file final.pdb (PDB, C-alpha atoms and all ligand atoms)
ATOM      1  CA  MET A   1      18.831  46.832  56.020  1.00  0.00           C
ATOM      2  CA  ILE A   2      22.540  47.228  55.790  1.00  0.00           C
ATOM      3  CA  LEU A   3      24.630  47.037  52.648  1.00  0.00           C
ATOM      4  CA  VAL A   4      28.379  46.599  52.427  1.00  0.00           C
ATOM      5  CA  VAL A   5      29.480  47.826  49.039  1.00  0.00           C
ATOM      6  CA  CYS A   6      32.776  47.070  47.320  1.00  0.00           C
ATOM      7  CA  ILE A   7      33.275  49.351  44.346  1.00  0.00           C
ATOM      8  CA  PRO A   8      36.518  47.728  43.047  1.00  0.00           C
ATOM      9  CA  CYS A   9      34.862  44.363  42.410  1.00  0.00           C
ATOM     10  CA  ASN A  10      31.261  45.499  41.977  1.00  0.00           C
ATOM     11  CA  PHE A  11      30.065  43.401  44.883  1.00  0.00           C
ATOM     12  CA  VAL A  12      27.428  44.053  47.538  1.00  0.00           C
ATOM     13  CA  ILE A  13      26.575  42.130  50.652  1.00  0.00           C
ATOM     14  CA  ARG A  14      23.118  42.796  52.008  1.00  0.00           C
ATOM     15  CA  ILE A  15      22.557  41.910  55.630  1.00  0.00           C
ATOM     16  CA  MET A  16      19.063  40.549  55.952  1.00  0.00           C
ATOM     17  CA  PRO A  17      17.053  40.437  59.120  1.00  0.00           C
ATOM     18  CA  THR A  18      16.144  36.878  60.037  1.00  0.00           C
ATOM     19  CA  HIS A  19      13.124  35.385  61.699  1.00  0.00           C
ATOM     20  CA  ALA A  20      14.886  32.543  63.446  1.00  0.00           C
ATOM     21  CA  ALA A  21      14.416  32.214  67.181  1.00  0.00           C
ATOM     22  CA  ASN A  22      18.006  33.263  67.814  1.00  0.00           C
ATOM     23  CA  ALA A  23      17.979  36.124  65.335  1.00  0.00           C
ATOM     24  CA  MET A  24      19.698  39.318  66.301  1.00  0.00           C
ATOM     25  CA  GLY A  25      17.572  42.347  66.798  1.00  0.00           C
ATOM     26  CA  GLU A  26      18.109  45.417  64.704  1.00  0.00           C
ATOM     27  CA  ARG A  27      19.873  47.150  67.567  1.00  0.00           C
ATOM     28  CA  GLU A  28      22.338  44.311  67.991  1.00  0.00           C
ATOM     29  CA  VAL A  29      22.983  44.218  64.258  1.00  0.00           C
ATOM     30  CA  ASN A  30      23.677  47.943  64.281  1.00  0.00           C
ATOM     31  CA  GLN A  31      26.166  47.480  67.091  1.00  0.00           C
ATOM     32  CA  LEU A  32      27.981  44.594  65.389  1.00  0.00           C
ATOM     33  CA  LEU A  33      27.909  45.640  61.769  1.00  0.00           C
ATOM     34  CA  GLY A  34      25.930  48.828  61.360  1.00  0.00           C
ATOM     35  CA  PRO A  35      26.215  52.509  62.224  1.00  0.00           C
ATOM     36  CA  ASP A  36      26.967  51.749  65.899  1.00  0.00           C
ATOM     37  CA  SER A  37      29.837  49.347  65.120  1.00  0.00           C
ATOM     38  CA  ASN A  38      33.498  50.193  64.826  1.00  0.00           C
ATOM     39  CA  LEU A  39      33.494  48.791  61.287  1.00  0.00           C
ATOM     40  CA  TRP A  40      31.144  51.509  60.122  1.00  0.00           C
ATOM     41  CA  PRO A  41      31.412  52.833  57.514  1.00  0.00           C
ATOM     42  CA  ASN A  42      34.906  52.217  56.179  1.00  0.00           C
ATOM     43  CA  GLY A  43      36.245  49.351  58.284  1.00  0.00           C
ATOM     44  CA  PHE A  44      34.804  46.553  56.186  1.00  0.00           C
ATOM     45  CA  GLU A  45      37.002  44.306  54.141  1.00  0.00           C
ATOM     46  CA  CYS A  46      35.382  42.889  51.023  1.00  0.00           C
ATOM     47  CA  VAL A  47      34.994  39.121  51.446  1.00  0.00           C
ATOM     48  CA  LYS A  48      35.563  38.689  47.733  1.00  0.00           C
ATOM     49  CA  CYS A  49      38.627  40.800  46.906  1.00  0.00           C
ATOM     50  CA  GLY A  50      39.884  41.889  50.340  1.00  0.00           C
ATOM     51  CA  LYS A  51      39.823  45.571  49.457  1.00  0.00           C
ATOM     52  CA  ASN A  52      38.111  48.217  51.485  1.00  0.00           C
ATOM     53  CA  ALA A  53      34.325  48.094  51.351  1.00  0.00           C
ATOM     54  CA  THR A  54      31.867  50.696  52.557  1.00  0.00           C
ATOM     55  CA  GLY A  55      28.837  50.259  54.748  1.00  0.00           C
ATOM     56  CA  MET A  56      25.656  52.050  53.848  1.00  0.00           C
ATOM     57  CA  LEU A  57      22.016  51.843  54.689  1.00  0.00           C
ATOM     58  CA  GLU A  58      19.919  50.322  51.965  1.00  0.00           C
ATOM     59  CA  ARG A  59      17.578  53.270  51.895  1.00  0.00           C
ATOM     60  CA  ALA A  60      20.546  55.522  51.119  1.00  0.00           C
ATOM     61  CA  ALA A  61      21.686  53.429  48.169  1.00  0.00           C
ATOM     62  CA  ASP A  62      20.635  53.996  44.587  1.00  0.00           C
ATOM     63  CA  PRO A  63      18.641  50.933  43.445  1.00  0.00           C
ATOM     64  CA  LYS A  64      19.659  51.553  39.846  1.00  0.00           C
ATOM     65  CA  VAL A  65      23.308  51.260  40.754  1.00  0.00           C
ATOM     66  CA  LEU A  66      22.755  48.231  42.979  1.00  0.00           C
ATOM     67  CA  ARG A  67      20.984  46.421  40.194  1.00  0.00           C
ATOM     68  CA  THR A  68      24.197  46.466  38.171  1.00  0.00           C
ATOM     69  CA  MET A  69      26.226  44.949  40.992  1.00  0.00           C
ATOM     70  CA  GLU A  70      26.640  41.404  42.222  1.00  0.00           C
ATOM     71  CA  LEU A  71      24.484  41.193  45.345  1.00  0.00           C
ATOM     72  CA  ARG A  72      24.421  38.569  48.032  1.00  0.00           C
ATOM     73  CA  ASP A  73      22.191  38.262  51.062  1.00  0.00           C
ATOM     74  CA  LEU A  74      23.633  37.173  54.388  1.00  0.00           C
ATOM     75  CA  THR A  75      22.089  36.791  57.789  1.00  0.00           C
ATOM     76  CA  PRO A  76      23.577  39.007  60.507  1.00  0.00           C
ATOM     77  CA  HIS A  77      25.390  35.968  61.947  1.00  0.00           C
ATOM     78  CA  GLU A  78      26.900  35.056  58.592  1.00  0.00           C
ATOM     79  CA  ALA A  79      27.893  38.609  57.890  1.00  0.00           C
ATOM     80  CA  PHE A  80      29.481  39.073  61.297  1.00  0.00           C
ATOM     81  CA  ALA A  81      31.498  35.887  60.805  1.00  0.00           C
ATOM     82  CA  ALA A  82      32.507  36.874  57.293  1.00  0.00           C
ATOM     83  CA  PHE A  83      33.675  40.369  58.196  1.00  0.00           C
ATOM     84  CA  ASN A  84      35.522  39.191  61.266  1.00  0.00           C
ATOM     85  CA  GLY A  85      37.310  36.366  59.483  1.00  0.00           C
ATOM     86  CA  LEU A  86      35.628  33.763  61.672  1.00  0.00           C
ATOM     87  CA  GLY A  87      34.278  31.624  58.881  1.00  0.00           C
ATOM     88  CA  PRO A  88      32.790  29.282  57.868  1.00  0.00           C
ATOM     89  CA  VAL A  89      31.245  31.735  55.465  1.00  0.00           C
ATOM     90  CA  SER A  90      33.528  32.683  52.673  1.00  0.00           C
ATOM     91  CA  TYR A  91      33.024  33.938  49.197  1.00  0.00           C
ATOM     92  CA  THR A  92      33.448  30.545  47.582  1.00  0.00           C
ATOM     93  CA  HIS A  93      30.854  28.914  49.812  1.00  0.00           C
ATOM     94  CA  LEU A  94      28.087  31.342  49.075  1.00  0.00           C
ATOM     95  CA  ASP A  95      25.528  31.034  46.354  1.00  0.00           C
ATOM     96  CA  VAL A  96      26.227  33.407  43.547  1.00  0.00           C
ATOM     97  CA  TYR A  97      23.397  35.148  41.852  1.00  0.00           C
ATOM     98  CA  LYS A  98      22.359  38.489  40.525  1.00  0.00           C
ATOM     99  CA  ARG A  99      19.324  40.245  41.797  1.00  0.00           C
ATOM    100  CA  GLN A 100      17.056  41.667  39.144  1.00  0.00           C
ATOM    101  CA  SER A 101      15.504  44.152  41.491  1.00  0.00           C
ATOM    102  CA  LEU A 102      15.712  45.214  45.084  1.00  0.00           C
ATOM    103  CA  SER A 103      12.151  46.315  45.301  1.00  0.00           C
TER     104      SER A 103
HETATM  105 ZN    ZN B 201      35.650  43.502  46.537  1.00  0.00          ZN
END
call {"tool": "encode", "arguments": {"input": "final.pdb", "output": "structure tokens", "more": "lines below"}}
Ligand SMILES: [Zn+2]
result
Amino acid sequence: MILVVCIPCNFVIRIMPTHAANAMGEREVNQLLGPDSNLWPNGFECVKCGKNATGMLERAADPKVLRTMELRDLTPHEAFAAFNGLGPVSYTHLDVYKRQSLS
């Protein structure tokens, strides 16, 4: 899974794979938002504060650090819309919660 981490506002978006019929495959996700995209790794703009956010693979992130951050799960479609300014997803429309654990 892909994480987009904003250090200035302590905010993480996690891009979750979906099981819907029209879900993007992992390859497509990588091309739109992941290591094969032109956003990767430093082209993301935090949807919360607008500062520069960094893409990383979840397996490369430290779970202890992530646990202290505000984390939100988005589908690939939502994330693509959010990071390309297409809406309708925006920070204020998302559910806010803190994850206790990523495992
Ligand atoms: Zn931010």
call {"tool": "closest_residue", "arguments": {"input": "final.pdb", "among": "A:Ser37, A:Asn30, A:Asn52, A:Asn84", "to": "ligand ZN 201 (chain B)", "atoms": "only C-alpha atoms and all ligand atoms"}}
result
A:Asn52
call {"tool": "atom_distance", "arguments": {"input": "final.pdb", "atom1": "atom CA of Leu66 of chain A", "atom2": "atom CA of Ile2 of chain A"}}
result
12.9 Å
call {"tool": "resolve_selection", "arguments": {"input": "final.pdb", "expression": "the PyMOL selection byres (((chain A and resi 76) around 8) and not hetatm)", "output": "ChimeraX atom specification"}}
result
/A:15-18,23-24,29,74-75,77-80
call {"tool": "write_last_selection", "arguments": {"input": "final.pdb", "atoms": "C-alpha atoms", "output": "short mmCIF file (atom, residue, chain, number, x, y, z; two decimals), keeping the file's coordinate frame"}}
result
data_model
loop_
_atom_site.label_atom_id
_atom_site.label_comp_id
_atom_site.auth_asym_id
_atom_site.auth_seq_id
_atom_site.Cartn_x
_atom_site.Cartn_y
_atom_site.Cartn_z
CA ILE A 15 22.56 41.91 55.63
CA MET A 16 19.06 40.55 55.95
CA PRO A 17 17.05 40.44 59.12
CA THR A 18 16.14 36.88 60.04
CA ALA A 23 17.98 36.12 65.33
CA MET A 24 19.70 39.32 66.30
CA VAL A 29 22.98 44.22 64.26
CA LEU A 74 23.63 37.17 54.39
CA THR A 75 22.09 36.79 57.79
CA HIS A 77 25.39 35.97 61.95
CA GLU A 78 26.90 35.06 58.59
CA ALA A 79 27.89 38.61 57.89
CA PHE A 80 29.48 39.07 61.30
#
call {"tool": "resolve_selection", "arguments": {"input": "final.pdb", "expression": "the PyMOL selection byres (((not hetatm)) within 10 of (chain B and resi 201))", "output": "list in words"}}
result
Val4, Val5, Cys6, Ile7, Pro8, Cys9, Asn10, Phe11, Val12, Glu45, Cys46, Val47, Lys48, Cys49, Gly50, Lys51, Asn52 and Ala53 of chain A
call {"tool": "residues_near_point", "arguments": {"input": "final.pdb", "point": "(32.2, 47.0, 66.5)", "cutoff": "12 Å", "atoms": "only C-alpha atoms", "output": "PyMOL selection string"}}
result
chain A and resi 28-44+80+83-84
call {"tool": "atom_distance", "arguments": {"input": "final.pdb", "atom1": "atom CA of Met1 of chain A", "atom2": "atom CA of Arg14 of chain A"}}
result
7.1 Å
call {"tool": "atom_distance", "arguments": {"input": "final.pdb", "atom1": "atom CA of Lys64 of chain A", "atom2": "atom CA of Arg27 of chain A"}}
result
28.1 Å
call {"tool": "axis_aligned_box", "arguments": {"input": "final.pdb", "around": "segment 8-16 of chain A", "padding_each_side": "4 Å", "output": "lines of an AutoDock Vina configuration file"}}
result
center_x = 27.8
center_y = 44.1
center_z = 49.0
size_x = 25.5
size_y = 15.2
size_z = 22.0
